[in-house]
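Colleague: Okay, handing you the structure first.
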Amino acid sequence: MKKGIIVLMGIVCLACQSDSSVLTIQFELPKKIKEISGMVYMPQTKMIWGLEDSGNDNVLFGLDANSGDLKKTCTISNASNIDWEELTKDAQGNVYIGDFGNNDNTRRDLCIYKIASSKLNASSAKADYKISFSFPEQKEFPPKKSALLFDTEAFIEYQGYFYLFTKNRSKNFDGTSLVYKIRNAAGVQQAQLIGKIKTCDTYNSCQITGAALSPDKSKIVLLCHDKVFLLSGFKGGTVLNGSKTLFELGHFSQKESIAFIDNNQLLIADEAEKKGRSKMYLTSLRQLKSKP
């Protein structure tokens, strides 16, 4: 662990470990933020930017990475929050809102919004552009209960493309997630199915709820409620030709967001329980690998 990161992430730790040996509680999120569905970490400003999903405003919020204090909000004036489920960024620090939550597999208005990094300092801003897309494999809205494969809560931007990992809501769940590719370009597109990933076969523990790409672009983490899957060693412009490793977190909650701090350390956030607050956790790939 780098010394600078120890300073950054250790100042406000609640001096406690969760009931897992690999998750340290860094802070509780402000009370007004109940559902952190996606987030990115900005190293230049030491800020965590996040969003909330359906039923909430069309707002991005910025948290101080040391304290968890709410420092900024930015209303995206030309975008509606139908079901914002994920936030990712590109190599230049521009952020992208994934408005593709689709619990019932009935939506025909899935989209992604681009927000230039410079606009995050404003209290209100317009998205630079919108990408509307569809999944060509979905023929019915909704499909049969055995084929509810088109909800999405996880994506990354890599080499000018978005990679989406769908959330399986099917009856007789088997851990299958469809992996789609979309060009990072404004307009209307059909997502390209490039393959499938199988997580595990326990419904509540094996659905993919978040994703993040490491700063060096060599690793992808996929979040579940009590697990992380690491994709690594991929080459040639695809993300499915490498290895997949499962790490158990040893702690179950409604974890919806994951972000890299550096190429080793990870932030993970969960949604608040009825009488609680959302929490931000810190772990690292080294800790996950070393867990007995």
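Labels for the structure tokens follow display order: chains A, B, ..., residues from 1 in each chain, ligands from 1.
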Between range 35-111 of chain A and range 131-141 of chain A, at 8 Å or less, what are the per-residue closest atom pairs and their distances in Å? Count only C-alpha atoms, order by chain and rising residue number, and return it as CSV.

Modeller:
residue,atom,partner,partner_atom,distance
A:Asn105,CA,A:Phe141,CA,6.2
A:Thr106,CA,A:Phe141,CA,4.5
A:Arg107,CA,A:Phe141,CA,7.3
A:Arg108,CA,A:Ser134,CA,7.0
A:Asp109,CA,A:Ser132,CA,6.9
A:Leu110,CA,A:Phe133,CA,5.8
A:Cys111,CA,A:Ser132,CA,4.3

Colleague: Could the residues in this selection be written to a file with N, CA, C and O atoms, as a PDB file, in the first residue's frame?

Modeller:
ATOM      1  N   ASN A 105     -37.224  -6.321 -17.308  1.00  0.00           N
ATOM      2  CA  ASN A 105     -36.852  -6.637 -18.693  1.00  0.00           C
ATOM      3  C   ASN A 105     -37.899  -6.134 -19.693  1.00  0.00           C
ATOM      4  O   ASN A 105     -38.179  -6.781 -20.712  1.00  0.00           O
ATOM      5  N   THR A 106     -38.466  -4.948 -19.408  1.00  0.00           N
ATOM      6  CA  THR A 106     -39.500  -4.393 -20.283  1.00  0.00           C
ATOM      7  C   THR A 106     -39.074  -3.106 -20.993  1.00  0.00           C
ATOM      8  O   THR A 106     -39.781  -2.642 -21.886  1.00  0.00           O
ATOM      9  N   ARG A 107     -37.939  -2.551 -20.637  1.00  0.00           N
ATOM     10  CA  ARG A 107     -37.555  -1.245 -21.182  1.00  0.00           C
ATOM     11  C   ARG A 107     -37.105  -1.319 -22.641  1.00  0.00           C
ATOM     12  O   ARG A 107     -36.413  -2.251 -23.050  1.00  0.00           O
ATOM     13  N   ARG A 108     -37.463  -0.252 -23.387  1.00  0.00           N
ATOM     14  CA  ARG A 108     -37.027  -0.076 -24.773  1.00  0.00           C
ATOM     15  C   ARG A 108     -36.278   1.249 -24.944  1.00  0.00           C
ATOM     16  O   ARG A 108     -36.078   1.713 -26.073  1.00  0.00           O
ATOM     17  N   ASP A 109     -35.898   1.863 -23.814  1.00  0.00           N
ATOM     18  CA  ASP A 109     -35.265   3.183 -23.859  1.00  0.00           C
ATOM     19  C   ASP A 109     -33.935   3.178 -23.105  1.00  0.00           C
ATOM     20  O   ASP A 109     -33.596   4.142 -22.411  1.00  0.00           O
ATOM     21  N   LEU A 110     -33.162   2.128 -23.227  1.00  0.00           N
ATOM     22  CA  LEU A 110     -31.880   2.021 -22.549  1.00  0.00           C
ATOM     23  C   LEU A 110     -30.908   3.037 -23.141  1.00  0.00           C
ATOM     24  O   LEU A 110     -30.876   3.266 -24.355  1.00  0.00           O
ATOM     25  N   CYS A 111     -30.078   3.642 -22.269  1.00  0.00           N
ATOM     26  CA  CYS A 111     -29.172   4.668 -22.791  1.00  0.00           C
ATOM     27  C   CYS A 111     -27.990   4.908 -21.858  1.00  0.00           C
ATOM     28  O   CYS A 111     -27.983   4.476 -20.701  1.00  0.00           O
TER      29      CYS A 111
END

Colleague: Set the distance at 7 Å and use only C-alpha atoms: which residues neighbour Lys34 in chain A once local chain neighbours fewer than 3 positions away are removed? I'd like the list as a PyMOL selection string.

Modeller: chain A and resi 31+271-272+277-278

Colleague: How close does each residue of range 146-206 of chain A get to range 226-245 of chain A, giving the shortest atom pair and distance in Å to one decimal for every residue with an atom at most 12 Å away, counting only C-alpha atoms, sorted by chain and residue number, as JSON lines?

Modeller:
{"residue": "A:Phe155", "atom": "CA", "partner": "A:Val239", "partner_atom": "CA", "distance": 11.7}
{"residue": "A:Ile156", "atom": "CA", "partner": "A:Val239", "partner_atom": "CA", "distance": 10.5}
{"residue": "A:Glu157", "atom": "CA", "partner": "A:Val239", "partner_atom": "CA", "distance": 11.1}
{"residue": "A:Tyr158", "atom": "CA", "partner": "A:Gly237", "partner_atom": "CA", "distance": 8.3}
{"residue": "A:Gln159", "atom": "CA", "partner": "A:Gly237", "partner_atom": "CA", "distance": 7.3}
{"residue": "A:Gly160", "atom": "CA", "partner": "A:Gly237", "partner_atom": "CA", "distance": 9.8}
{"residue": "A:Tyr161", "atom": "CA", "partner": "A:Gly237", "partner_atom": "CA", "distance": 9.3}
{"residue": "A:Phe162", "atom": "CA", "partner": "A:Val239", "partner_atom": "CA", "distance": 10.7}
{"residue": "A:Tyr163", "atom": "CA", "partner": "A:Val239", "partner_atom": "CA", "distance": 8.2}
{"residue": "A:Leu164", "atom": "CA", "partner": "A:Val239", "partner_atom": "CA", "distance": 10.7}
{"residue": "A:Phe165", "atom": "CA", "partner": "A:Val239", "partner_atom": "CA", "distance": 11.0}
{"residue": "A:Leu178", "atom": "CA", "partner": "A:Leu240", "partner_atom": "CA", "distance": 11.2}
{"residue": "A:Val179", "atom": "CA", "partner": "A:Leu240", "partner_atom": "CA", "distance": 8.7}
{"residue": "A:Tyr180", "atom": "CA", "partner": "A:Val239", "partner_atom": "CA", "distance": 10.4}
{"residue": "A:Lys181", "atom": "CA", "partner": "A:Thr238", "partner_atom": "CA", "distance": 9.1}
{"residue": "A:Ile182", "atom": "CA", "partner": "A:Thr238", "partner_atom": "CA", "distance": 12.0}
{"residue": "A:Leu193", "atom": "CA", "partner": "A:Leu240", "partner_atom": "CA", "distance": 11.6}
{"residue": "A:Ile194", "atom": "CA", "partner": "A:Leu240", "partner_atom": "CA", "distance": 8.3}
{"residue": "A:Gly195", "atom": "CA", "partner": "A:Leu240", "partner_atom": "CA", "distance": 7.4}
{"residue": "A:Lys196", "atom": "CA", "partner": "A:Leu240", "partner_atom": "CA", "distance": 8.3}
{"residue": "A:Ile197", "atom": "CA", "partner": "A:Leu240", "partner_atom": "CA", "distance": 8.1}
{"residue": "A:Lys198", "atom": "CA", "partner": "A:Lys244", "partner_atom": "CA", "distance": 9.7}
{"residue": "A:Thr199", "atom": "CA", "partner": "A:Phe229", "partner_atom": "CA", "distance": 7.7}
{"residue": "A:Cys200", "atom": "CA", "partner": "A:Lys227", "partner_atom": "CA", "distance": 10.0}
{"residue": "A:Thr202", "atom": "CA", "partner": "A:Asp226", "partner_atom": "CA", "distance": 11.0}
{"residue": "A:Tyr203", "atom": "CA", "partner": "A:Asp226", "partner_atom": "CA", "distance": 11.6}
{"residue": "A:Asn204", "atom": "CA", "partner": "A:Asp226", "partner_atom": "CA", "distance": 9.0}
{"residue": "A:Ser205", "atom": "CA", "partner": "A:Asp226", "partner_atom": "CA", "distance": 6.0}
{"residue": "A:Cys206", "atom": "CA", "partner": "A:Lys227", "partner_atom": "CA", "distance": 7.5}

Colleague: From the options A:Tyr113, A:Phe173, A:Phe61, A:Tyr281, which residue's atoms come nearest to Phe260 in chain A, counting only C-alpha atoms?

Modeller: A:Tyr281

Colleague: Mind checking which residues fall within 6 Å of Leu223 in chain A, counting only C-alpha atoms, ignoring those fewer than 3 positions away in the same chain, and posting them as a ChimeraX atom specification?

Modeller: /A:208-210,228

Colleague: Could you work out how far CA of Leu60 in chain A lies from CA of Thr24 in chain A, giving the answer in Å with one decimal?

Modeller: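 Atom-to-atom, CA of Thr24 in chain A and CA of Leu60 in chain A are spaced 25.1 Å apart.
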
Colleague: Based on DSSP run over this structure's backbone, return all residues of range 7-241 of chain A in strand (DSSP E), as an MDAnalysis selection string.

Modeller: chainID A and resid 24:28 38:42 47:51 59:64 70:76 86:89 95:99 111:115 124:125 129:134 151:158 161:167 176:183 187:190 192:198 210:213 219:223 227:232

Colleague: Kindly indicate which residue among A:Lys279, A:His225, A:Lys274, A:Lys46 lies nearest to Ser253 in chain A, using only C-alpha atoms for the distances.

Modeller: A:His225

Colleague: Quick one: everything within 7 Å of Ile261 in chain A, counting only C-alpha atoms, minus sequence neighbours fewer than 5 positions away in the same chain. Send it as a list in words.

Modeller: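 The contact residues come out as Tyr41, Leu266 and Leu267 of chain A.
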
Colleague: Quote the spacing between CA of Lys275 in chain A and CA of Ala212 in chain A in Å to one decimal place.

Modeller: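 Separation between CA of Lys275 in chain A and CA of Ala212 in chain A: 28.8 Å.
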
Colleague: Using only C-alpha atoms, find the one residue out of A:Thr166, A:Ser54, A:Ser118, A:Asn263 that sits nearest to Glu35 in chain A.

Modeller: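 Checking each of A:Thr166, A:Ser54, A:Ser118, A:Asn263 against Glu35 in chain A, counting only C-alpha atoms, the winner is A:Ser54.
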
Colleague: Counting only C-alpha atoms, figure out which residue out of A:Lys32, A:Lys71, A:Lys145, A:Lys167 gets nearest to Asp57 in chain A.

Modeller: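 Looking only at the distances to Asp57 in chain A, the closest residue turns out to be A:Lys32.
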
Colleague: Using only C-alpha atoms, which residue out of A:Thr73, A:Thr88, A:Ser80, A:Asn168 lies closest to Asp104 in chain A?

Modeller: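 Of A:Thr73, A:Thr88, A:Ser80, A:Asn168, the one nearest Asp104 in chain A is A:Asn168, counting only C-alpha atoms.
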